[in-house]
file my_file-v3.pdb (PDB, C-alpha atoms)
ATOM      1  CA  MET A 871       0.000   0.000   0.000  1.00  0.00           C
ATOM      2  CA  ARG A 872       1.231   3.513  -0.789  1.00  0.00           C
ATOM      3  CA  PRO A 873       2.463   5.621   2.156  1.00  0.00           C
ATOM      4  CA  ARG A 874      -0.239   8.293   1.854  1.00  0.00           C
ATOM      5  CA  LEU A 875      -2.997   5.678   2.042  1.00  0.00           C
ATOM      6  CA  TRP A 876      -1.334   4.193   5.096  1.00  0.00           C
ATOM      7  CA  VAL A 877      -1.397   7.619   6.713  1.00  0.00           C
ATOM      8  CA  TRP A 878      -5.112   7.945   6.092  1.00  0.00           C
ATOM      9  CA  LEU A 879      -5.739   4.498   7.509  1.00  0.00           C
ATOM     10  CA  MET A 880      -3.683   5.235  10.609  1.00  0.00           C
ATOM     11  CA  LEU A 881      -5.789   8.330  11.164  1.00  0.00           C
ATOM     12  CA  LEU A 882      -8.868   6.201  10.844  1.00  0.00           C
ATOM     13  CA  LEU A 883      -7.934   3.611  13.456  1.00  0.00           C
ATOM     14  CA  PRO A 884      -8.897   5.600  16.563  1.00  0.00           C
ATOM     15  CA  VAL A 885     -12.234   6.541  15.030  1.00  0.00           C
ATOM     16  CA  SER A 886     -15.223   4.365  15.797  1.00  0.00           C
ATOM     17  CA  SER A 887     -17.085   3.252  12.705  1.00  0.00           C
ATOM     18  CA  CYS A 888     -20.217   4.594  14.355  1.00  0.00           C
ATOM     19  CA  SER A 889     -18.862   8.123  14.042  1.00  0.00           C
ATOM     20  CA  LEU A 890     -18.390   7.888  10.270  1.00  0.00           C
ATOM     21  CA  ASP A 891     -21.052   9.124   7.896  1.00  0.00           C
ATOM     22  CA  PRO A 892     -22.100   6.810   5.033  1.00  0.00           C
ATOM     23  CA  ALA A 893     -19.700   8.421   2.560  1.00  0.00           C
ATOM     24  CA  GLU A 894     -16.765   8.003   4.935  1.00  0.00           C
ATOM     25  CA  ARG A 895     -17.676   4.383   5.576  1.00  0.00           C
ATOM     26  CA  ASP A 896     -17.534   3.614   1.865  1.00  0.00           C
ATOM     27  CA  TYR A 897     -14.373   5.648   1.425  1.00  0.00           C
ATOM     28  CA  TYR A 898     -12.475   3.983   4.260  1.00  0.00           C
ATOM     29  CA  ALA A 899     -13.698   0.568   3.140  1.00  0.00           C
ATOM     30  CA  ALA A 900     -12.053   1.345  -0.201  1.00  0.00           C
ATOM     31  CA  LEU A 901      -8.801   2.353   1.502  1.00  0.00           C
ATOM     32  CA  ARG A 902      -8.798  -0.894   3.469  1.00  0.00           C
ATOM     33  CA  GLY A 903      -9.401  -2.834   0.282  1.00  0.00           C
ATOM     34  CA  GLU A 904      -5.829  -3.948  -0.204  1.00  0.00           C
ATOM     35  CA  GLU A 905      -5.922  -5.573   3.238  1.00  0.00           C
ATOM     36  CA  THR A 906      -9.421  -7.031   2.774  1.00  0.00           C
ATOM     37  CA  GLY A 907      -8.803  -8.486  -0.684  1.00  0.00           C
ATOM     38  CA  LEU A 908     -10.768  -6.084  -2.857  1.00  0.00           C
ATOM     39  CA  SER A 909      -9.860  -5.589  -6.486  1.00  0.00           C
ATOM     40  CA  ARG A 910      -9.086  -2.120  -7.805  1.00  0.00           C
ATOM     41  CA  ARG A 911     -12.466  -2.132  -9.544  1.00  0.00           C
ATOM     42  CA  GLN A 912     -14.216  -2.876  -6.262  1.00  0.00           C
ATOM     43  CA  GLN A 913     -12.262  -0.104  -4.563  1.00  0.00           C
ATOM     44  CA  LEU A 914     -13.222   2.279  -7.360  1.00  0.00           C
ATOM     45  CA  ALA A 915     -16.889   1.369  -6.898  1.00  0.00           C
ATOM     46  CA  LEU A 916     -16.713   2.142  -3.193  1.00  0.00           C
ATOM     47  CA  VAL A 917     -15.063   5.512  -3.786  1.00  0.00           C
ATOM     48  CA  GLU A 918     -17.670   6.274  -6.453  1.00  0.00           C
ATOM     49  CA  SER A 919     -20.375   5.586  -3.870  1.00  0.00           C
ATOM     50  CA  ALA A 920     -18.661   7.967  -1.461  1.00  0.00           C
ATOM     51  CA  ILE A 921     -18.431  10.635  -4.174  1.00  0.00           C
ATOM     52  CA  ALA A 922     -22.121  10.244  -5.003  1.00  0.00           C
ATOM     53  CA  LEU A 923     -22.955  10.853  -1.344  1.00  0.00           C
ATOM     54  CA  GLU A 924     -20.472  13.719  -0.819  1.00  0.00           C
ATOM     55  CA  PRO A 925     -19.385  15.103  -4.206  1.00  0.00           C
ATOM     56  CA  ARG A 926     -17.453  18.057  -2.763  1.00  0.00           C
ATOM     57  CA  ARG A 927     -14.843  16.108  -0.812  1.00  0.00           C
ATOM     58  CA  ALA A 928     -11.621  16.574  -2.763  1.00  0.00           C
ATOM     59  CA  THR A 929      -9.850  13.651  -1.087  1.00  0.00           C
ATOM     60  CA  TYR A 930     -12.345  11.225  -2.582  1.00  0.00           C
ATOM     61  CA  ARG A 931     -11.646  12.581  -6.059  1.00  0.00           C
ATOM     62  CA  GLU A 932      -7.906  12.299  -5.520  1.00  0.00           C
ATOM     63  CA  THR A 933      -8.149   8.676  -4.409  1.00  0.00           C
ATOM     64  CA  HIS A 934     -10.465   7.870  -7.304  1.00  0.00           C
ATOM     65  CA  ALA A 935      -7.881   9.403  -9.645  1.00  0.00           C
ATOM     66  CA  ILE A 936      -5.084   7.281  -8.152  1.00  0.00           C
ATOM     67  CA  TYR A 937      -7.115   4.092  -8.505  1.00  0.00           C
ATOM     68  CA  SER A 938      -8.056   5.088 -12.069  1.00  0.00           C
ATOM     69  CA  ILE A 939      -4.372   5.515 -12.892  1.00  0.00           C
ATOM     70  CA  ASP A 940      -3.772   2.008 -11.577  1.00  0.00           C
ATOM     71  CA  VAL A 941      -6.251   0.612 -14.129  1.00  0.00           C
ATOM     72  CA  ARG A 942      -4.836   2.941 -16.821  1.00  0.00           C
ATOM     73  CA  GLU A 943      -7.986   5.004 -17.222  1.00  0.00           C
ATOM     74  CA  PHE A 944      -6.113   8.245 -17.594  1.00  0.00           C
ATOM     75  CA  ALA A 945      -8.936  10.377 -18.995  1.00  0.00           C
ATOM     76  CA  ARG A 946     -11.062   9.560 -15.964  1.00  0.00           C
ATOM     77  CA  ALA A 947      -8.120  10.266 -13.652  1.00  0.00           C
ATOM     78  CA  ALA A 948      -7.607  13.648 -15.321  1.00  0.00           C
ATOM     79  CA  ALA A 949     -11.283  14.531 -14.830  1.00  0.00           C
ATOM     80  CA  ASP A 950     -11.068  13.549 -11.154  1.00  0.00           C
ATOM     81  CA  LEU A 951      -8.009  15.731 -10.676  1.00  0.00           C
ATOM     82  CA  ASP A 952      -9.637  18.664 -12.456  1.00  0.00           C
ATOM     83  CA  THR A 953     -12.454  18.486  -9.926  1.00  0.00           C
ATOM     84  CA  ALA A 954     -10.152  17.939  -6.941  1.00  0.00           C
ATOM     85  CA  ILE A 955      -8.135  21.014  -7.920  1.00  0.00           C
ATOM     86  CA  GLN A 956     -11.294  23.078  -8.226  1.00  0.00           C
ATOM     87  CA  LEU A 957     -12.363  21.955  -4.763  1.00  0.00           C
ATOM     88  CA  ALA A 958      -9.054  22.145  -2.888  1.00  0.00           C
ATOM     89  CA  ASP A 959      -6.032  23.074  -4.977  1.00  0.00           C
ATOM     90  CA  ARG A 960      -2.632  22.049  -3.670  1.00  0.00           C
ATOM     91  CA  PRO A 961       0.812  21.311  -5.198  1.00  0.00           C
ATOM     92  CA  TYR A 962       0.627  17.507  -5.088  1.00  0.00           C
ATOM     93  CA  LEU A 963      -2.608  17.501  -7.088  1.00  0.00           C
ATOM     94  CA  ARG A 964      -0.942  19.670  -9.724  1.00  0.00           C
ATOM     95  CA  PHE A 965       2.001  17.282  -9.864  1.00  0.00           C
ATOM     96  CA  LEU A 966      -0.278  14.269 -10.174  1.00  0.00           C
ATOM     97  CA  ARG A 967      -2.293  15.919 -12.953  1.00  0.00           C
ATOM     98  CA  GLY A 968       0.978  16.695 -14.731  1.00  0.00           C
ATOM     99  CA  LEU A 969       1.952  13.023 -14.592  1.00  0.00           C
ATOM    100  CA  VAL A 970      -1.439  11.988 -15.947  1.00  0.00           C
ATOM    101  CA  ALA A 971      -1.047  14.450 -18.822  1.00  0.00           C
ATOM    102  CA  CYS A 972       2.309  12.826 -19.605  1.00  0.00           C
ATOM    103  CA  GLN A 973       0.673   9.396 -19.508  1.00  0.00           C
ATOM    104  CA  ARG A 974      -1.678  10.697 -22.211  1.00  0.00           C
ATOM    105  CA  GLY A 975       1.189  12.068 -24.289  1.00  0.00           C
ATOM    106  CA  GLU A 976       0.207  15.658 -23.483  1.00  0.00           C
ATOM    107  CA  TYR A 977       3.647  16.815 -22.398  1.00  0.00           C
ATOM    108  CA  GLU A 978       3.191  20.490 -23.205  1.00  0.00           C
ATOM    109  CA  ALA A 979      -0.046  20.578 -21.239  1.00  0.00           C
ATOM    110  CA  SER A 980       1.707  19.039 -18.230  1.00  0.00           C
ATOM    111  CA  LEU A 981       4.217  21.852 -17.806  1.00  0.00           C
ATOM    112  CA  PRO A 982       1.960  24.513 -16.223  1.00  0.00           C
ATOM    113  CA  ASP A 983       0.987  22.044 -13.514  1.00  0.00           C
ATOM    114  CA  PHE A 984       4.592  21.074 -12.817  1.00  0.00           C
ATOM    115  CA  ASP A 985       5.581  24.749 -12.826  1.00  0.00           C
ATOM    116  CA  ARG A 986       2.807  25.599 -10.371  1.00  0.00           C
ATOM    117  CA  ALA A 987       3.668  22.693  -8.073  1.00  0.00           C
ATOM    118  CA  ILE A 988       7.356  23.680  -8.010  1.00  0.00           C
ATOM    119  CA  ALA A 989       6.581  27.370  -7.459  1.00  0.00           C
ATOM    120  CA  GLU A 990       4.423  26.549  -4.455  1.00  0.00           C
ATOM    121  CA  GLN A 991       6.566  23.752  -3.008  1.00  0.00           C
ATOM    122  CA  PRO A 992      10.125  24.147  -4.353  1.00  0.00           C
ATOM    123  CA  LYS A 993      11.662  21.677  -1.912  1.00  0.00           C
ATOM    124  CA  ASN A 994       9.603  18.725  -3.158  1.00  0.00           C
ATOM    125  CA  ALA A 995      12.095  16.779  -5.279  1.00  0.00           C
ATOM    126  CA  GLN A 996       9.599  14.599  -7.131  1.00  0.00           C
ATOM    127  CA  PHE A 997       8.105  17.655  -8.822  1.00  0.00           C
ATOM    128  CA  TYR A 998      11.412  18.320 -10.611  1.00  0.00           C
ATOM    129  CA  ARG A 999      11.549  14.731 -11.810  1.00  0.00           C
ATOM    130  CA  GLY A1000       8.154  15.068 -13.463  1.00  0.00           C
ATOM    131  CA  ARG A1001       9.054  18.326 -15.156  1.00  0.00           C
ATOM    132  CA  SER A1002      12.469  17.080 -16.259  1.00  0.00           C
ATOM    133  CA  LEU A1003      10.952  14.051 -17.982  1.00  0.00           C
ATOM    134  CA  ALA A1004       8.236  16.177 -19.604  1.00  0.00           C
ATOM    135  CA  ARG A1005      10.813  18.657 -20.872  1.00  0.00           C
ATOM    136  CA  SER A1006      12.917  15.830 -22.304  1.00  0.00           C
ATOM    137  CA  ALA A1007       9.851  14.420 -24.038  1.00  0.00           C
ATOM    138  CA  LEU A1008       9.453  17.823 -25.703  1.00  0.00           C
ATOM    139  CA  GLY A1009      13.103  17.970 -26.766  1.00  0.00           C
ATOM    140  CA  ARG A1010      13.914  20.686 -24.215  1.00  0.00           C
ATOM    141  CA  TYR A1011      16.973  18.807 -22.997  1.00  0.00           C
ATOM    142  CA  GLU A1012      18.987  21.694 -21.535  1.00  0.00           C
ATOM    143  CA  GLU A1013      16.066  22.677 -19.302  1.00  0.00           C
ATOM    144  CA  ALA A1014      15.438  19.029 -18.492  1.00  0.00           C
ATOM    145  CA  LEU A1015      19.048  18.647 -17.391  1.00  0.00           C
ATOM    146  CA  GLU A1016      18.749  21.740 -15.196  1.00  0.00           C
ATOM    147  CA  ASP A1017      15.820  20.107 -13.422  1.00  0.00           C
ATOM    148  CA  ALA A1018      17.656  16.784 -13.187  1.00  0.00           C
ATOM    149  CA  ASP A1019      20.780  18.421 -11.769  1.00  0.00           C
ATOM    150  CA  ARG A1020      18.654  20.229  -9.210  1.00  0.00           C
ATOM    151  CA  LEU A1021      16.984  16.935  -8.414  1.00  0.00           C
ATOM    152  CA  ARG A1022      20.367  15.269  -7.970  1.00  0.00           C
ATOM    153  CA  THR A1023      21.300  17.793  -5.281  1.00  0.00           C
ATOM    154  CA  MET A1024      17.993  17.170  -3.499  1.00  0.00           C
ATOM    155  CA  ALA A1025      17.525  13.410  -3.854  1.00  0.00           C
ATOM    156  CA  PRO A1026      20.723  11.677  -5.019  1.00  0.00           C
ATOM    157  CA  GLN A1027      19.658   8.512  -3.206  1.00  0.00           C
ATOM    158  CA  GLN A1028      16.724   7.908  -5.580  1.00  0.00           C
ATOM    159  CA  GLY A1029      17.230   5.844  -8.702  1.00  0.00           C
ATOM    160  CA  GLU A1030      14.561   7.851 -10.517  1.00  0.00           C
ATOM    161  CA  THR A1031      16.750  10.945 -10.128  1.00  0.00           C
ATOM    162  CA  HIS A1032      19.560   9.452 -12.170  1.00  0.00           C
ATOM    163  CA  TYR A1033      17.186   8.089 -14.773  1.00  0.00           C
ATOM    164  CA  ALA A1034      15.780  11.576 -15.423  1.00  0.00           C
ATOM    165  CA  ARG A1035      19.318  12.891 -15.726  1.00  0.00           C
ATOM    166  CA  GLY A1036      20.235  10.108 -18.139  1.00  0.00           C
ATOM    167  CA  VAL A1037      17.275  10.918 -20.389  1.00  0.00           C
ATOM    168  CA  ALA A1038      18.322  14.570 -20.608  1.00  0.00           C
ATOM    169  CA  LEU A1039      21.964  13.669 -21.239  1.00  0.00           C
ATOM    170  CA  ALA A1040      20.994  11.211 -23.973  1.00  0.00           C
ATOM    171  CA  GLY A1041      18.909  13.913 -25.612  1.00  0.00           C
ATOM    172  CA  LEU A1042      21.991  16.140 -25.635  1.00  0.00           C
ATOM    173  CA  ALA A1043      23.981  13.321 -27.297  1.00  0.00           C
ATOM    174  CA  ARG A1044      26.119  12.920 -24.169  1.00  0.00           C
ATOM    175  CA  LEU A1045      25.618   9.205 -24.411  1.00  0.00           C
ATOM    176  CA  ARG A1046      28.444   7.914 -22.245  1.00  0.00           C
ATOM    177  CA  GLU A1047      27.341  10.182 -19.416  1.00  0.00           C
ATOM    178  CA  ALA A1048      23.788   8.965 -19.974  1.00  0.00           C
ATOM    179  CA  VAL A1049      24.915   5.350 -19.617  1.00  0.00           C
ATOM    180  CA  ASP A1050      26.672   6.251 -16.371  1.00  0.00           C
ATOM    181  CA  ALA A1051      23.477   7.871 -15.081  1.00  0.00           C
ATOM    182  CA  TYR A1052      21.417   4.807 -15.986  1.00  0.00           C
ATOM    183  CA  ASP A1053      24.038   2.615 -14.295  1.00  0.00           C
ATOM    184  CA  GLU A1054      23.565   4.614 -11.106  1.00  0.00           C
ATOM    185  CA  ALA A1055      19.781   4.424 -11.355  1.00  0.00           C
ATOM    186  CA  LEU A1056      19.988   0.651 -11.614  1.00  0.00           C
ATOM    187  CA  ARG A1057      22.559   0.362  -8.843  1.00  0.00           C
ATOM    188  CA  ILE A1058      20.118   2.090  -6.506  1.00  0.00           C
ATOM    189  CA  ARG A1059      16.908   0.537  -7.883  1.00  0.00           C
ATOM    190  CA  PRO A1060      17.809  -2.697  -9.677  1.00  0.00           C
ATOM    191  CA  GLU A1061      14.125  -3.611 -10.052  1.00  0.00           C
ATOM    192  CA  LEU A1062      13.442  -0.683 -12.391  1.00  0.00           C
ATOM    193  CA  VAL A1063      12.814  -1.664 -15.999  1.00  0.00           C
ATOM    194  CA  TYR A1064      12.783   1.678 -17.787  1.00  0.00           C
ATOM    195  CA  PRO A1065      16.454   2.595 -17.094  1.00  0.00           C
ATOM    196  CA  LEU A1066      17.420  -0.748 -18.632  1.00  0.00           C
ATOM    197  CA  ARG A1067      15.548   0.067 -21.828  1.00  0.00           C
ATOM    198  CA  ALA A1068      16.992   3.569 -21.915  1.00  0.00           C
ATOM    199  CA  ARG A1069      20.506   2.237 -21.349  1.00  0.00           C
ATOM    200  CA  ALA A1070      19.997  -0.251 -24.151  1.00  0.00           C
ATOM    201  CA  ASP A1071      19.114   2.594 -26.521  1.00  0.00           C
ATOM    202  CA  ALA A1072      22.147   4.612 -25.447  1.00  0.00           C
ATOM    203  CA  ARG A1073      24.453   1.623 -25.814  1.00  0.00           C
ATOM    204  CA  GLU A1074      22.999   0.876 -29.232  1.00  0.00           C
ATOM    205  CA  ALA A1075      23.717   4.458 -30.322  1.00  0.00           C
ATOM    206  CA  LEU A1076      27.289   4.050 -29.062  1.00  0.00           C
ATOM    207  CA  GLY A1077      27.708   0.888 -31.137  1.00  0.00           C
ATOM    208  CA  ASP A1078      27.689  -1.456 -28.150  1.00  0.00           C
ATOM    209  CA  THR A1079      25.087  -3.769 -29.662  1.00  0.00           C
ATOM    210  CA  LEU A1080      25.932  -6.821 -27.550  1.00  0.00           C
ATOM    211  CA  ARG A1081      25.338  -5.115 -24.213  1.00  0.00           C
ATOM    212  CA  ALA A1082      22.320  -3.286 -25.651  1.00  0.00           C
ATOM    213  CA  ARG A1083      20.777  -6.653 -26.507  1.00  0.00           C
ATOM    214  CA  THR A1084      21.592  -7.975 -23.026  1.00  0.00           C
ATOM    215  CA  ASP A1085      19.866  -4.963 -21.456  1.00  0.00           C
ATOM    216  CA  ARG A1086      16.750  -5.484 -23.556  1.00  0.00           C
ATOM    217  CA  GLU A1087      16.599  -9.174 -22.718  1.00  0.00           C
ATOM    218  CA  GLU A1088      16.948  -8.393 -19.016  1.00  0.00           C
ATOM    219  CA  ALA A1089      14.259  -5.710 -19.276  1.00  0.00           C
ATOM    220  CA  ASP A1090      11.876  -8.137 -20.992  1.00  0.00           C
ATOM    221  CA  ALA A1091      12.448 -10.701 -18.255  1.00  0.00           C
ATOM    222  CA  LYS A1092      12.003  -8.205 -15.417  1.00  0.00           C
ATOM    223  CA  GLU A1093       8.859  -6.724 -16.905  1.00  0.00           C
ATOM    224  CA  GLN A1094       7.018 -10.038 -16.628  1.00  0.00           C
ATOM    225  CA  ASN A1095       6.620  -9.655 -12.857  1.00  0.00           C
ATOM    226  CA  ALA A1096       7.278  -5.947 -12.333  1.00  0.00           C
ATOM    227  CA  PHE A1097       4.957  -3.502 -10.618  1.00  0.00           C
ATOM    228  CA  ALA A1098       3.722  -0.686 -12.858  1.00  0.00           C
ATOM    229  CA  PRO A1099       5.945   2.023 -11.270  1.00  0.00           C
ATOM    230  CA  ALA A1100       9.008  -0.041 -12.173  1.00  0.00           C
ATOM    231  CA  VAL A1101       7.984  -0.067 -15.832  1.00  0.00           C
ATOM    232  CA  ASP A1102       6.588   3.421 -16.300  1.00  0.00           C
ATOM    233  CA  PRO A1103       8.653   6.479 -15.266  1.00  0.00           C
ATOM    234  CA  PHE A1104       5.524   8.653 -15.109  1.00  0.00           C
ATOM    235  CA  ARG A1105       3.946   6.602 -12.354  1.00  0.00           C
ATOM    236  CA  TYR A1106       3.921   8.334  -8.974  1.00  0.00           C
TER     237      TYR A1106
END

call {"tool": "encode", "arguments": {"input": "my_file-v3.pdb", "output": "structure tokens"}}
result
Amino acid sequence: MRPRLWVWLMLLLPVSSCSLDPAERDYYAALRGEETGLSRRQQLALVESAIALEPRRATYRETHAIYSIDVREFARAAADLDTAIQLADRPYLRFLRGLVACQRGEYEASLPDFDRAIAEQPKNAQFYRGRSLARSALGRYEEALEDADRLRTMAPQQGETHYARGVALAGLARLREAVDAYDEALRIRPELVYPLRARADAREALGDTLRARTDREEADAKEQNAFAPAVDPFRY
């Protein structure tokens, strides 16, 4: 279970179920779903029931968006986040909507949300990762590298940091440096699949076809049992 959901559940524990209104009962039943064996679809249905009862609670929309991302229904997640932002705007919601825009290939549209999130919470490292990857996707590699370098000063212990830096470096044709960055990403997070695929591409461009093929074979094998965030760099 993700840390933020754990936090919500820990807050729930001291509260008697009798004190919860019907919307909260459905909502917290959804949050407990991973412990009680519910599928994502069942959790979505419970959150939808909570939303129907209390449509102006932004937290319900946020959770519904997260579960919708998990089942790759990105348009629905974007609509949820639009509503959540209207109800109770905050930097994390902007960041999450930026990631969803990237999932939909709408990289340019993601940038205002990343910009807003960073402006309001400049010490949150993950926001720079999102913007760096979006900028790279748009071919804005110098700016992407600026974000990645900033990210490296803030969160050098995260494999995702070095992946974002590798993508920007590869875009600038600094391929050997990109390979080094991907190496570091994989040293820290060996379960990640996407740095392997990126390193394969960089090695291929450098003429190292044997190791590029090895990387791709390893990535294919890892992807069989990988969690979605290990495969997709735009997952939160």

call {"tool": "resolve_selection", "arguments": {"input": "my_file-v3.pdb", "expression": "the PyMOL selection byres ((chain A and resi 1001) around 10)", "output": "list in words"}}
result
Phe965, Gly968, Leu969, Cys972, Tyr977, Ser980, Leu981, Pro982, Asp983, Phe984, Asp985, Ala987, Ile988, Gln996, Phe997, Tyr998, Arg999, Gly1000, Ser1002, Leu1003, Ala1004, Arg1005, Ser1006, Ala1007, Glu1013, Ala1014, Asp1017, Ala1018 and Ala1034 of chain A

call {"tool": "closest_residue", "arguments": {"input": "my_file-v3.pdb", "among": "A:Gly1036, A:Pro1026, A:Pro1065, A:Gly1041", "to": "A:Gly1009", "atoms": "only C-alpha atoms"}}
result
A:Gly1041

call {"tool": "residues_around", "arguments": {"input": "my_file-v3.pdb", "residues": "A:Glu1030", "least_positions_apart": "3", "cutoff": "12 Å", "atoms": "all atoms listed in the file", "output": "MDAnalysis selection string"}}
result
chainID A and resid 995:1000 1002:1003 1018 1021:1022 1025:1027 1033:1037 1051:1065 1099:1106

call {"tool": "write_last_selection", "arguments": {"input": "my_file-v3.pdb", "atoms": "C-alpha atoms", "output": "PDB file, keeping the file's coordinate frame"}}
result
ATOM      1  CA  ALA A 995      12.095  16.779  -5.279  1.00  0.00           C
ATOM      2  CA  GLN A 996       9.599  14.599  -7.131  1.00  0.00           C
ATOM      3  CA  PHE A 997       8.105  17.655  -8.822  1.00  0.00           C
ATOM      4  CA  TYR A 998      11.412  18.320 -10.611  1.00  0.00           C
ATOM      5  CA  ARG A 999      11.549  14.731 -11.810  1.00  0.00           C
ATOM      6  CA  GLY A1000       8.154  15.068 -13.463  1.00  0.00           C
ATOM      7  CA  SER A1002      12.469  17.080 -16.259  1.00  0.00           C
ATOM      8  CA  LEU A1003      10.952  14.051 -17.982  1.00  0.00           C
ATOM      9  CA  ALA A1018      17.656  16.784 -13.187  1.00  0.00           C
ATOM     10  CA  LEU A1021      16.984  16.935  -8.414  1.00  0.00           C
ATOM     11  CA  ARG A1022      20.367  15.269  -7.970  1.00  0.00           C
ATOM     12  CA  ALA A1025      17.525  13.410  -3.854  1.00  0.00           C
ATOM     13  CA  PRO A1026      20.723  11.677  -5.019  1.00  0.00           C
ATOM     14  CA  GLN A1027      19.658   8.512  -3.206  1.00  0.00           C
ATOM     15  CA  TYR A1033      17.186   8.089 -14.773  1.00  0.00           C
ATOM     16  CA  ALA A1034      15.780  11.576 -15.423  1.00  0.00           C
ATOM     17  CA  ARG A1035      19.318  12.891 -15.726  1.00  0.00           C
ATOM     18  CA  GLY A1036      20.235  10.108 -18.139  1.00  0.00           C
ATOM     19  CA  VAL A1037      17.275  10.918 -20.389  1.00  0.00           C
ATOM     20  CA  ALA A1051      23.477   7.871 -15.081  1.00  0.00           C
ATOM     21  CA  TYR A1052      21.417   4.807 -15.986  1.00  0.00           C
ATOM     22  CA  ASP A1053      24.038   2.615 -14.295  1.00  0.00           C
ATOM     23  CA  GLU A1054      23.565   4.614 -11.106  1.00  0.00           C
ATOM     24  CA  ALA A1055      19.781   4.424 -11.355  1.00  0.00           C
ATOM     25  CA  LEU A1056      19.988   0.651 -11.614  1.00  0.00           C
ATOM     26  CA  ARG A1057      22.559   0.362  -8.843  1.00  0.00           C
ATOM     27  CA  ILE A1058      20.118   2.090  -6.506  1.00  0.00           C
ATOM     28  CA  ARG A1059      16.908   0.537  -7.883  1.00  0.00           C
ATOM     29  CA  PRO A1060      17.809  -2.697  -9.677  1.00  0.00           C
ATOM     30  CA  GLU A1061      14.125  -3.611 -10.052  1.00  0.00           C
ATOM     31  CA  LEU A1062      13.442  -0.683 -12.391  1.00  0.00           C
ATOM     32  CA  VAL A1063      12.814  -1.664 -15.999  1.00  0.00           C
ATOM     33  CA  TYR A1064      12.783   1.678 -17.787  1.00  0.00           C
ATOM     34  CA  PRO A1065      16.454   2.595 -17.094  1.00  0.00           C
ATOM     35  CA  PRO A1099       5.945   2.023 -11.270  1.00  0.00           C
ATOM     36  CA  ALA A1100       9.008  -0.041 -12.173  1.00  0.00           C
ATOM     37  CA  VAL A1101       7.984  -0.067 -15.832  1.00  0.00           C
ATOM     38  CA  ASP A1102       6.588   3.421 -16.300  1.00  0.00           C
ATOM     39  CA  PRO A1103       8.653   6.479 -15.266  1.00  0.00           C
ATOM     40  CA  PHE A1104       5.524   8.653 -15.109  1.00  0.00           C
ATOM     41  CA  ARG A1105       3.946   6.602 -12.354  1.00  0.00           C
ATOM     42  CA  TYR A1106       3.921   8.334  -8.974  1.00  0.00           C
TER      43      TYR A1106
END

call {"tool": "resolve_selection", "arguments": {"input": "my_file-v3.pdb", "expression": "the PyMOL selection byres ((chain A and resi 903) around 12)", "output": "ChimeraX atom specification"}}
result
/A:871,875-876,879,896-902,904-917,937

call {"tool": "write_last_selection", "arguments": {"input": "my_file-v3.pdb", "atoms": "C-alpha atoms", "output": "PDB file, keeping the file's coordinate frame"}}
result
ATOM      1  CA  MET A 871       0.000   0.000   0.000  1.00  0.00           C
ATOM      2  CA  LEU A 875      -2.997   5.678   2.042  1.00  0.00           C
ATOM      3  CA  TRP A 876      -1.334   4.193   5.096  1.00  0.00           C
ATOM      4  CA  LEU A 879      -5.739   4.498   7.509  1.00  0.00           C
ATOM      5  CA  ASP A 896     -17.534   3.614   1.865  1.00  0.00           C
ATOM      6  CA  TYR A 897     -14.373   5.648   1.425  1.00  0.00           C
ATOM      7  CA  TYR A 898     -12.475   3.983   4.260  1.00  0.00           C
ATOM      8  CA  ALA A 899     -13.698   0.568   3.140  1.00  0.00           C
ATOM      9  CA  ALA A 900     -12.053   1.345  -0.201  1.00  0.00           C
ATOM     10  CA  LEU A 901      -8.801   2.353   1.502  1.00  0.00           C
ATOM     11  CA  ARG A 902      -8.798  -0.894   3.469  1.00  0.00           C
ATOM     12  CA  GLU A 904      -5.829  -3.948  -0.204  1.00  0.00           C
ATOM     13  CA  GLU A 905      -5.922  -5.573   3.238  1.00  0.00           C
ATOM     14  CA  THR A 906      -9.421  -7.031   2.774  1.00  0.00           C
ATOM     15  CA  GLY A 907      -8.803  -8.486  -0.684  1.00  0.00           C
ATOM     16  CA  LEU A 908     -10.768  -6.084  -2.857  1.00  0.00           C
ATOM     17  CA  SER A 909      -9.860  -5.589  -6.486  1.00  0.00           C
ATOM     18  CA  ARG A 910      -9.086  -2.120  -7.805  1.00  0.00           C
ATOM     19  CA  ARG A 911     -12.466  -2.132  -9.544  1.00  0.00           C
ATOM     20  CA  GLN A 912     -14.216  -2.876  -6.262  1.00  0.00           C
ATOM     21  CA  GLN A 913     -12.262  -0.104  -4.563  1.00  0.00           C
ATOM     22  CA  LEU A 914     -13.222   2.279  -7.360  1.00  0.00           C
ATOM     23  CA  ALA A 915     -16.889   1.369  -6.898  1.00  0.00           C
ATOM     24  CA  LEU A 916     -16.713   2.142  -3.193  1.00  0.00           C
ATOM     25  CA  VAL A 917     -15.063   5.512  -3.786  1.00  0.00           C
ATOM     26  CA  TYR A 937      -7.115   4.092  -8.505  1.00  0.00           C
TER      27      TYR A 937
END

call {"tool": "resolve_selection", "arguments": {"input": "my_file-v3.pdb", "expression": "the PyMOL selection byres ((chain A and resi 1070-1086) around 9)", "output": "NGL selection string"}}
result
:A and (1040 or 1045-1046 or 1048-1049 or 1065-1069 or 1087-1091)

call {"tool": "atom_distance", "arguments": {"input": "my_file-v3.pdb", "atom1": "atom CA of A:Arg1010", "atom2": "atom CA of A:Ala948"}}
result
24.3 Å

call {"tool": "closest_residue", "arguments": {"input": "my_file-v3.pdb", "among": "A:Tyr1011, A:Arg927, A:Glu978, A:Leu963", "to": "A:Ala947", "atoms": "only C-alpha atoms"}}
result
A:Leu963

call {"tool": "atom_distance", "arguments": {"input": "my_file-v3.pdb", "atom1": "atom CA of A:Gln1028", "atom2": "atom CA of A:Val970"}}
result
21.3 Å

call {"tool": "atom_distance", "arguments": {"input": "my_file-v3.pdb", "atom1": "atom CA of A:Ile955", "atom2": "atom CA of A:Pro925"}}
result
13.2 Å

call {"tool": "residues_around", "arguments": {"input": "my_file-v3.pdb", "residues": "A:Asp891", "least_positions_apart": "4", "cutoff": "10 Å", "atoms": "all atoms listed in the file", "output": "ChimeraX atom specification"}}
result
/A:887,895-897,920,923-924
